[in-house]
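What follows is the content of input_21.cif (mmCIF, C-alpha atoms).
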data_coords
loop_
_atom_site.label_atom_id
_atom_site.label_comp_id
_atom_site.auth_asym_id
_atom_site.auth_seq_id
_atom_site.Cartn_x
_atom_site.Cartn_y
_atom_site.Cartn_z
CA MET P 176 -3.21 25.15 -22.07
CA THR P 177 -4.46 22.33 -19.83
CA ARG P 178 -5.63 19.13 -21.49
CA ALA P 179 -8.93 17.71 -20.22
CA TRP P 180 -7.51 14.23 -19.67
CA SER P 181 -4.95 15.59 -17.21
CA ILE P 182 -7.60 17.06 -14.88
CA LEU P 183 -8.65 14.92 -11.93
CA PRO P 184 -12.43 14.68 -11.36
CA ASP P 185 -12.32 16.67 -8.10
CA GLU P 186 -10.50 19.52 -9.83
CA TRP P 187 -13.25 20.37 -12.31
CA LYS P 188 -15.60 22.30 -10.00
CA PRO P 189 -12.89 24.71 -8.72
CA ILE P 190 -11.66 25.22 -12.29
CA LEU P 191 -15.13 26.14 -13.51
CA LYS P 192 -15.81 28.36 -10.50
CA ASP P 193 -12.53 30.27 -10.97
CA ARG P 194 -13.61 31.09 -14.52
CA GLY P 195 -17.04 32.28 -13.52
CA LEU P 196 -18.64 29.15 -14.94
CA ARG P 197 -21.33 27.16 -13.18
CA PRO P 198 -19.66 24.43 -11.05
CA PHE P 199 -22.57 22.00 -11.38
CA ARG P 200 -21.52 21.54 -15.00
CA ALA P 201 -18.58 19.49 -13.70
CA ASP P 202 -20.78 16.42 -13.34
CA GLN P 203 -21.93 16.75 -16.94
CA ILE P 204 -18.34 17.14 -18.10
CA LEU P 205 -17.30 13.98 -16.26
CA GLN P 206 -20.28 12.11 -17.66
CA ALA P 207 -19.28 13.14 -21.18
CA LEU P 208 -15.60 12.28 -20.70
CA TYR P 209 -15.76 9.01 -18.77
CA ARG P 210 -19.23 7.54 -19.28
CA ASP P 211 -20.00 8.62 -22.83
CA TYR P 212 -16.30 8.59 -23.79
CA ILE P 213 -16.65 11.45 -26.24
CA SER P 214 -13.92 11.94 -28.84
CA GLY P 215 -14.42 15.73 -28.96
CA TRP P 216 -16.29 18.43 -27.03
CA ASP P 217 -18.83 18.91 -29.82
CA ALA P 218 -20.23 15.49 -28.87
CA ALA P 219 -20.99 16.67 -25.30
CA THR P 220 -24.51 17.72 -26.25
CA THR P 221 -25.68 18.00 -22.63
CA LEU P 222 -23.48 21.11 -22.34
CA PRO P 223 -24.48 24.48 -23.81
CA LYS P 224 -22.66 25.47 -26.98
CA ASP P 225 -20.80 28.41 -25.42
CA LEU P 226 -19.38 26.13 -22.71
CA ARG P 227 -18.33 23.58 -25.32
CA GLU P 228 -16.47 26.32 -27.17
CA THR P 229 -14.74 27.39 -23.95
CA LEU P 230 -13.74 23.79 -23.22
CA LYS P 231 -12.39 23.32 -26.75
CA ALA P 232 -10.28 26.47 -26.39
CA GLU P 233 -9.01 26.00 -22.83
CA PHE P 234 -9.26 22.26 -22.09
CA PRO P 235 -8.98 20.34 -25.37
CA LEU P 236 -8.89 16.59 -25.57
CA THR P 237 -5.46 15.21 -26.38
CA PRO P 238 -5.10 14.55 -30.11
CA TYR P 239 -3.63 11.19 -31.06
CA LYS P 240 -3.59 8.86 -34.05
CA GLN P 241 -3.44 5.10 -34.35
CA LEU P 242 -0.42 4.81 -36.62
CA ASP P 243 -0.18 1.05 -36.75
CA VAL P 244 -1.74 -2.07 -35.29
CA SER P 245 -0.21 -5.52 -35.15
CA GLU P 246 -2.49 -8.42 -34.25
CA SER P 247 -1.44 -11.84 -33.04
CA ALA P 248 -3.16 -15.14 -33.68
CA ASP P 249 -3.88 -15.37 -29.94
CA GLY P 250 -5.89 -12.12 -30.03
CA THR P 251 -3.19 -9.83 -28.64
CA ARG P 252 -3.14 -6.42 -30.33
CA LYS P 253 -0.29 -3.95 -30.24
CA LEU P 254 -1.16 -0.36 -31.15
CA LEU P 255 1.29 2.36 -32.13
CA ILE P 256 -0.13 5.69 -30.93
CA GLY P 257 1.20 8.91 -32.45
CA PHE P 258 1.08 12.41 -30.96
CA ASP P 259 1.20 15.89 -32.47
CA ASP P 260 4.98 16.28 -32.13
CA GLY P 261 5.60 13.23 -34.34
CA ASN P 262 6.55 10.89 -31.50
CA ALA P 263 4.85 7.56 -30.93
CA VAL P 264 4.44 4.97 -28.18
CA GLU P 265 3.10 1.44 -27.96
CA THR P 266 0.18 0.08 -26.00
CA VAL P 267 -0.76 -3.60 -25.97
CA LEU P 268 -4.19 -5.18 -25.49
CA ILE P 269 -4.22 -8.71 -24.10
CA PRO P 270 -7.51 -10.64 -23.97
CA ALA P 271 -8.00 -13.53 -21.56
CA SER P 272 -10.91 -15.30 -19.97
CA GLY P 273 -12.83 -12.65 -18.00
CA ARG P 274 -10.04 -10.10 -18.40
CA PHE P 275 -8.95 -7.53 -20.93
CA THR P 276 -5.54 -6.18 -19.93
CA GLN P 277 -3.86 -3.11 -21.37
CA CYS P 278 -0.11 -2.57 -21.15
CA ILE P 279 0.67 1.15 -21.31
CA SER P 280 3.82 3.22 -21.82
CA THR P 281 5.03 6.23 -19.83
CA GLN P 282 7.87 7.51 -22.02
CA VAL P 283 8.88 7.72 -25.67
CA GLY P 284 11.81 5.33 -25.68
CA CYS P 285 13.64 4.54 -22.47
CA ALA P 286 16.86 5.64 -20.78
CA MET P 287 17.40 2.47 -18.75
CA GLY P 288 19.21 0.53 -21.50
CA CYS P 289 18.23 -3.01 -20.49
CA ALA P 290 20.08 -5.33 -22.86
CA PHE P 291 17.10 -7.46 -23.88
CA CYS P 292 14.54 -4.66 -24.35
CA ALA P 293 13.79 -2.94 -27.66
CA SER P 294 12.24 0.10 -25.94
CA GLY P 295 15.60 1.63 -25.14
CA ALA P 296 17.37 0.67 -28.36
CA HIS P 297 17.47 4.35 -29.42
CA GLY P 298 17.50 5.83 -25.91
CA ILE P 299 14.99 8.23 -24.40
CA VAL P 300 13.21 10.92 -26.43
CA ARG P 301 10.91 12.40 -23.80
CA SER P 302 8.44 11.56 -21.05
CA LEU P 303 4.73 11.42 -21.73
CA THR P 304 2.38 13.92 -20.11
CA ALA P 305 -0.45 12.66 -17.92
CA ASP P 306 -3.05 13.32 -20.62
CA GLU P 307 -1.00 11.38 -23.20
CA ILE P 308 -0.89 8.38 -20.86
CA VAL P 309 -4.68 8.64 -20.47
CA ALA P 310 -4.93 8.92 -24.27
CA GLU P 311 -3.35 5.46 -24.50
CA TYR P 312 -6.11 4.15 -22.25
CA MET P 313 -8.72 5.84 -24.44
CA ALA P 314 -7.20 4.30 -27.57
CA GLY P 315 -7.27 0.86 -25.98
CA ARG P 316 -10.79 1.24 -24.68
CA ALA P 317 -12.06 1.57 -28.25
CA PHE P 318 -11.41 -2.19 -28.54
CA GLY P 319 -13.33 -3.15 -25.39
CA GLU P 320 -13.73 -2.45 -21.69
CA ILE P 321 -10.35 -2.52 -19.97
CA THR P 322 -10.36 -4.64 -16.80
CA ASN P 323 -6.66 -4.40 -15.90
CA ILE P 324 -3.75 -2.07 -16.61
CA VAL P 325 -0.07 -2.95 -16.38
CA VAL P 326 2.38 -0.07 -16.63
CA MET P 327 4.99 -2.24 -18.32
CA GLY P 328 5.30 -0.61 -21.73
CA MET P 329 7.94 1.76 -23.02
CA GLY P 330 9.78 3.81 -20.41
CA GLU P 331 10.42 3.71 -16.67
CA PRO P 332 7.34 4.85 -14.69
CA PHE P 333 9.34 6.06 -11.69
CA ALA P 334 11.44 8.24 -14.01
CA ASN P 335 8.19 9.99 -14.98
CA TYR P 336 6.59 9.67 -11.57
CA ASP P 337 4.32 12.73 -11.36
CA ALA P 338 2.70 12.35 -14.78
CA THR P 339 2.31 8.60 -14.35
CA MET P 340 0.64 8.94 -10.96
CA ARG P 341 -1.71 11.70 -12.13
CA ALA P 342 -2.81 9.56 -15.08
CA LEU P 343 -3.33 6.45 -12.94
CA LYS P 344 -5.23 8.38 -10.27
CA LEU P 345 -7.54 9.70 -12.97
CA ILE P 346 -8.12 6.23 -14.43
CA ASN P 347 -8.72 4.92 -10.91
CA ALA P 348 -11.08 7.75 -9.87
CA GLY P 349 -14.68 6.85 -9.12
CA ARG P 350 -15.98 9.65 -11.30
CA GLY P 351 -13.35 8.89 -13.89
CA PRO P 352 -12.99 5.53 -15.65
CA ASN P 353 -13.24 3.93 -12.17
CA LEU P 354 -10.74 1.11 -12.67
CA GLY P 355 -9.94 -0.41 -9.27
CA ALA P 356 -6.48 0.27 -7.83
CA ARG P 357 -5.79 -3.44 -7.39
CA HIS P 358 -6.34 -3.86 -11.13
CA ILE P 359 -3.48 -1.45 -11.89
CA THR P 360 0.13 -2.67 -11.71
CA ILE P 361 3.17 -0.39 -11.90
CA SER P 362 6.45 -1.96 -12.98
CA THR P 363 9.87 -0.48 -12.22
CA CYS P 364 13.34 -1.68 -13.17
CA GLY P 365 14.55 -0.55 -9.75
CA VAL P 366 14.48 3.25 -9.34
CA VAL P 367 14.78 3.04 -5.57
CA PRO P 368 13.44 6.51 -4.56
CA GLY P 369 10.14 5.64 -6.23
CA PHE P 370 9.35 2.92 -3.69
CA ALA P 371 8.97 5.30 -0.73
CA ARG P 372 7.02 7.79 -2.86
CA LEU P 373 4.56 5.13 -3.97
CA ALA P 374 4.17 3.77 -0.44
CA ALA P 375 3.32 7.29 0.79
CA GLU P 376 0.50 7.61 -1.77
CA GLY P 377 -1.67 5.22 0.25
CA ILE P 378 -3.24 3.81 -2.94
CA GLN P 379 -3.46 0.06 -3.41
CA PHE P 380 -1.78 -0.08 -6.79
CA GLU P 381 0.14 -3.29 -7.37
CA LEU P 382 3.92 -3.08 -7.76
CA SER P 383 6.27 -5.29 -9.76
CA VAL P 384 10.04 -5.06 -9.99
CA SER P 385 12.07 -6.14 -13.02
CA LEU P 386 14.86 -8.24 -11.55
CA HIS P 387 16.07 -10.50 -14.38
CA ALA P 388 19.27 -11.58 -12.63
CA PRO P 389 20.12 -12.99 -9.17
CA ASN P 390 23.45 -11.19 -8.58
CA ASN P 391 25.05 -7.83 -9.18
CA GLU P 392 27.57 -8.97 -11.80
CA LEU P 393 24.95 -10.42 -14.15
CA ARG P 394 22.29 -7.80 -13.40
CA SER P 395 24.68 -4.94 -14.13
CA ARG P 396 25.40 -6.50 -17.53
CA LEU P 397 21.73 -6.87 -18.35
CA MET P 398 20.42 -3.77 -16.57
CA PRO P 399 22.75 -0.77 -16.22
CA ILE P 400 20.52 0.72 -13.51
CA ASN P 401 21.95 -1.91 -11.15
CA ARG P 402 25.19 0.10 -11.04
CA ARG P 403 23.22 3.00 -9.52
CA TRP P 404 21.04 0.93 -7.17
CA PRO P 405 22.60 -2.53 -6.69
CA LEU P 406 20.69 -5.52 -5.42
CA ASP P 407 21.24 -5.02 -1.69
CA GLU P 408 19.84 -1.48 -1.88
CA LEU P 409 17.01 -2.51 -4.19
CA LEU P 410 15.91 -5.48 -2.09
CA ALA P 411 16.07 -3.38 1.09
CA ALA P 412 13.74 -0.83 -0.56
CA CYS P 413 11.41 -3.67 -1.57
CA ALA P 414 11.34 -5.00 1.98
CA ASP P 415 10.62 -1.52 3.35
CA TYR P 416 7.79 -1.14 0.84
CA THR P 417 6.10 -4.41 1.81
CA HIS P 418 6.46 -3.52 5.50
CA ALA P 419 4.90 -0.07 5.00
CA THR P 420 2.07 -1.10 2.69
CA LYS P 421 1.43 -4.76 3.58
CA ARG P 422 1.30 -5.28 -0.20
CA ILE P 423 2.92 -8.08 -2.19
CA ILE P 424 5.74 -7.25 -4.59
CA THR P 425 6.07 -9.28 -7.77
CA PHE P 426 9.56 -9.83 -9.15
CA GLU P 427 9.63 -10.15 -12.95
CA TYR P 428 12.36 -12.44 -14.23
CA THR P 429 12.83 -12.71 -18.00
CA VAL P 430 14.52 -16.05 -18.67
CA ILE P 431 17.17 -15.78 -21.40
CA GLY P 432 18.59 -18.98 -22.82
CA GLY P 433 22.21 -19.53 -21.79
CA VAL P 434 22.39 -16.24 -19.89
CA ASN P 435 20.36 -16.37 -16.66
CA ASP P 436 18.62 -19.73 -16.90
CA SER P 437 20.99 -22.09 -15.06
CA ARG P 438 20.12 -24.08 -11.95
CA ALA P 439 22.70 -21.99 -10.07
CA CYS P 440 20.84 -18.82 -11.11
CA ALA P 441 17.56 -20.33 -9.91
CA GLU P 442 19.06 -21.29 -6.54
CA GLU P 443 20.58 -17.83 -6.08
CA LEU P 444 17.36 -16.09 -7.15
CA ALA P 445 15.40 -18.04 -4.55
CA ARG P 446 17.79 -16.88 -1.81
CA GLN P 447 17.55 -13.25 -2.93
CA VAL P 448 13.77 -13.15 -3.21
CA ARG P 449 13.29 -14.68 0.25
CA ARG P 450 14.92 -11.53 1.70
CA VAL P 451 11.68 -9.68 0.88
CA PRO P 452 8.54 -10.59 2.83
CA MET P 453 5.37 -10.98 0.76
CA ALA P 454 7.14 -11.47 -2.55
CA LYS P 455 6.44 -13.67 -5.55
CA VAL P 456 8.12 -14.29 -8.90
CA ASN P 457 6.84 -14.24 -12.46
CA LEU P 458 9.06 -16.18 -14.83
CA ILE P 459 8.77 -14.87 -18.40
CA PRO P 460 10.46 -16.63 -21.33
CA LEU P 461 12.27 -14.08 -23.48
CA SER P 462 10.47 -12.65 -26.50
CA PRO P 463 13.32 -12.35 -29.03
CA VAL P 464 14.19 -8.83 -30.14
CA SER P 465 15.74 -7.92 -33.46
CA HIS P 466 18.61 -5.85 -32.06
CA ARG P 467 19.89 -8.75 -29.91
CA PRO P 468 19.89 -11.90 -32.08
CA ASP P 469 22.28 -13.54 -29.59
CA PHE P 470 19.54 -13.65 -26.93
CA LYS P 471 17.39 -16.77 -27.26
CA THR P 472 14.17 -18.07 -25.74
CA PRO P 473 14.95 -20.92 -23.31
CA ASP P 474 13.57 -24.39 -23.98
CA GLU P 475 10.61 -25.81 -22.08
CA GLN P 476 12.70 -28.21 -20.01
CA THR P 477 14.86 -25.37 -18.71
CA LEU P 478 11.84 -23.25 -17.81
CA LEU P 479 10.26 -26.10 -15.86
CA MET P 480 13.54 -26.78 -14.05
CA PHE P 481 13.82 -23.12 -13.05
CA LEU P 482 10.21 -23.12 -11.83
CA ASP P 483 10.73 -26.30 -9.85
CA VAL P 484 13.82 -24.94 -8.05
CA LEU P 485 12.05 -21.78 -6.95
CA MET P 486 8.97 -23.60 -5.74
CA LYS P 487 11.03 -26.15 -3.78
CA HIS P 488 12.61 -23.18 -1.99
CA GLY P 489 9.14 -21.98 -0.98
CA VAL P 490 9.00 -19.07 -3.44
CA GLN P 491 5.56 -18.40 -4.85
CA THR P 492 6.20 -18.56 -8.60
CA MET P 493 4.21 -18.41 -11.81
CA LEU P 494 5.44 -19.22 -15.29
CA ARG P 495 4.00 -16.64 -17.66
CA ARG P 496 3.54 -17.62 -21.27
CA SER P 497 4.51 -14.99 -23.83
CA ARG P 498 1.62 -13.47 -25.74
CA GLY P 499 1.64 -11.92 -29.20
CA LYS P 500 5.00 -13.22 -30.43
CA ASP P 501 3.75 -12.86 -34.00
CA ALA P 502 2.66 -9.26 -33.37
CA ASP P 503 6.04 -7.67 -32.51
CA ALA P 504 4.88 -7.91 -28.91
CA ALA P 505 8.26 -7.46 -27.26
CA CYS P 506 8.17 -3.92 -25.94
CA GLY P 507 9.46 -1.34 -28.41
CA GLN P 508 9.57 -3.53 -31.51
CA LEU P 509 6.58 -2.02 -33.31
CA ARG P 510 7.99 1.48 -32.81
CA LEU P 511 11.38 0.37 -34.15
CA ARG P 512 9.71 -1.14 -37.19
CA HIS P 513 7.75 2.06 -37.79
CA MET P 514 10.89 4.19 -37.41
CA SER P 515 12.80 2.05 -39.91
#

Structure rendered as structure tokens:
Amino acid sequence: MTRAWSILPDEWKPILKDRGLRPFRADQILQALYRDYISGWDAATTLPKDLRETLKAEFPLTPYKQLDVSESADGTRKLLIGFDDGNAVETVLIPASGRFTQCISTQVGCAMGCAFCASGAHGIVRSLTADEIVAEYMAGRAFGEITNIVVMGMGEPFANYDATMRALKLINAGRGPNLGARHITISTCGVVPGFARLAAEGIQFELSVSLHAPNNELRSRLMPINRRWPLDELLAACADYTHATKRIITFEYTVIGGVNDSRACAEELARQVRRVPMAKVNLIPLSPVSHRPDFKTPDEQTLLMFLDVLMKHGVQTMLRRSRGKDADAACGQLRLRHMS
């Protein structure tokens, strides 16, 4: 059975034709799915009843439930979305002036085991299918028109590359939700083979890389993936990507009090980042997670020092303020709470 939200717009006419159905109905199907945003085929009243029954049987919409919602005082909402097999993932909605950003997940849990992240606290369960990733978007869209997507939720996108790309291509498609490629950011913790694959797509998705440490010793402690693809290999892949695509890479650096927030770390990070043309850094103060009470949010003075060092070295840097701290906004926390 093929779910409707996994079918790219250009695939509908051949699918209908192969089944002896009238291909012109494809435009009506796309209108129903991505302009009317129907929740079930019965609502697609522009289609004849027999076609609706065929679509329900062969191309159903992906069932999902909103299991939980946690809302912050700053307007950030975190949704826990459940699927038929009993598994659940998180998606976060972040309002800002002129923007409504959705952070989506690509896997149930995560295999990467980053020390400060709640997503991988219980390991990986499974990868999401393309239609389940689109279902997250549909769940978020019920709260308003999405202007930006960041693939920074649960899971490693490059470890679920095919399903992630199919979902993002559908969301990007002109006859789909039509969200511009430059408004979609994919974040990887450093799965090196994914860089060349993404560059070959020829789509102007944005790319960010979770760095979080300026040297191999510290990064391997915080991010086990560094033992598979250490910094030299990762930064070389980043440089190759910027050369091939002429696109900026953003390095995400979560600042953890007393761990990676020293002036020496800032100096070393600046030297590492400057090895990659067209790179910038986002500094993110740690959102505390329940399974690592020893990890603390750095103080304001330390954050400003770190920012100042990078900028004096000519590194384009932005200090991101955490959103939704009172809504279990650190990735994976709402799922852990629901599981417990």

Item to check | Best match for closeness to Gly365 in chain P among P:Arg178, P:His387, P:Lys344, P:Arg446, counting only C-alpha atoms | outcome: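 Smallest distance to Gly365 in chain P is found for P:His387.
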
Next on the checklist: Please enumerate the residues selected by the PyMOL selection byres ((chain P and resi 321) around 9) when evaluated against the supplied file, formatted as a ChimeraX atom specification.
Outcome noted: /P:268,274-277,312,315-316,318-320,322-324,354

Next on the checklist: Please enumerate the residues selected by the PyMOL selection byres ((chain P and resi 327) around 7) when evaluated against the supplied file, formatted as a list in words.
Outcome noted: Cys278, Ile279, Ser280, Val325, Val326, Gly328, Met329, Ile361 and Ser362 of chain P

Checklist entry - Which of these residues is nearest to Ala374 in chain P, using all atoms listed in the file: P:Ala414, P:Val456, P:Val264, P:Val430? => result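 That would be P:Ala414, the residue with the smallest distance to Ala374 in chain P.
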
Item to check | Answer key for the PyMOL selection byres ((chain P and resi 225-232) around 10), residues as a list in words | outcome: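 In the shown coordinates, the PyMOL selection byres ((chain P and resi 225-232) around 10) covers Met176, Thr177, Arg178, Ala179, Leu196, Arg197, Arg200, Ile204, Gly215, Trp216, Asp217, Ala218, Ala219, Thr220, Thr221, Leu222, Pro223, Lys224, Glu233, Phe234, Pro235 and Leu236 of chain P.
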
Checklist entry - For Glu307 in chain P, which residue among P:Lys240, P:His358, P:Lys487, P:Arg396 is the nearest when counting all atoms listed in the file? => result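 The shortest atom-to-atom distance to Glu307 in chain P comes from P:Lys240.
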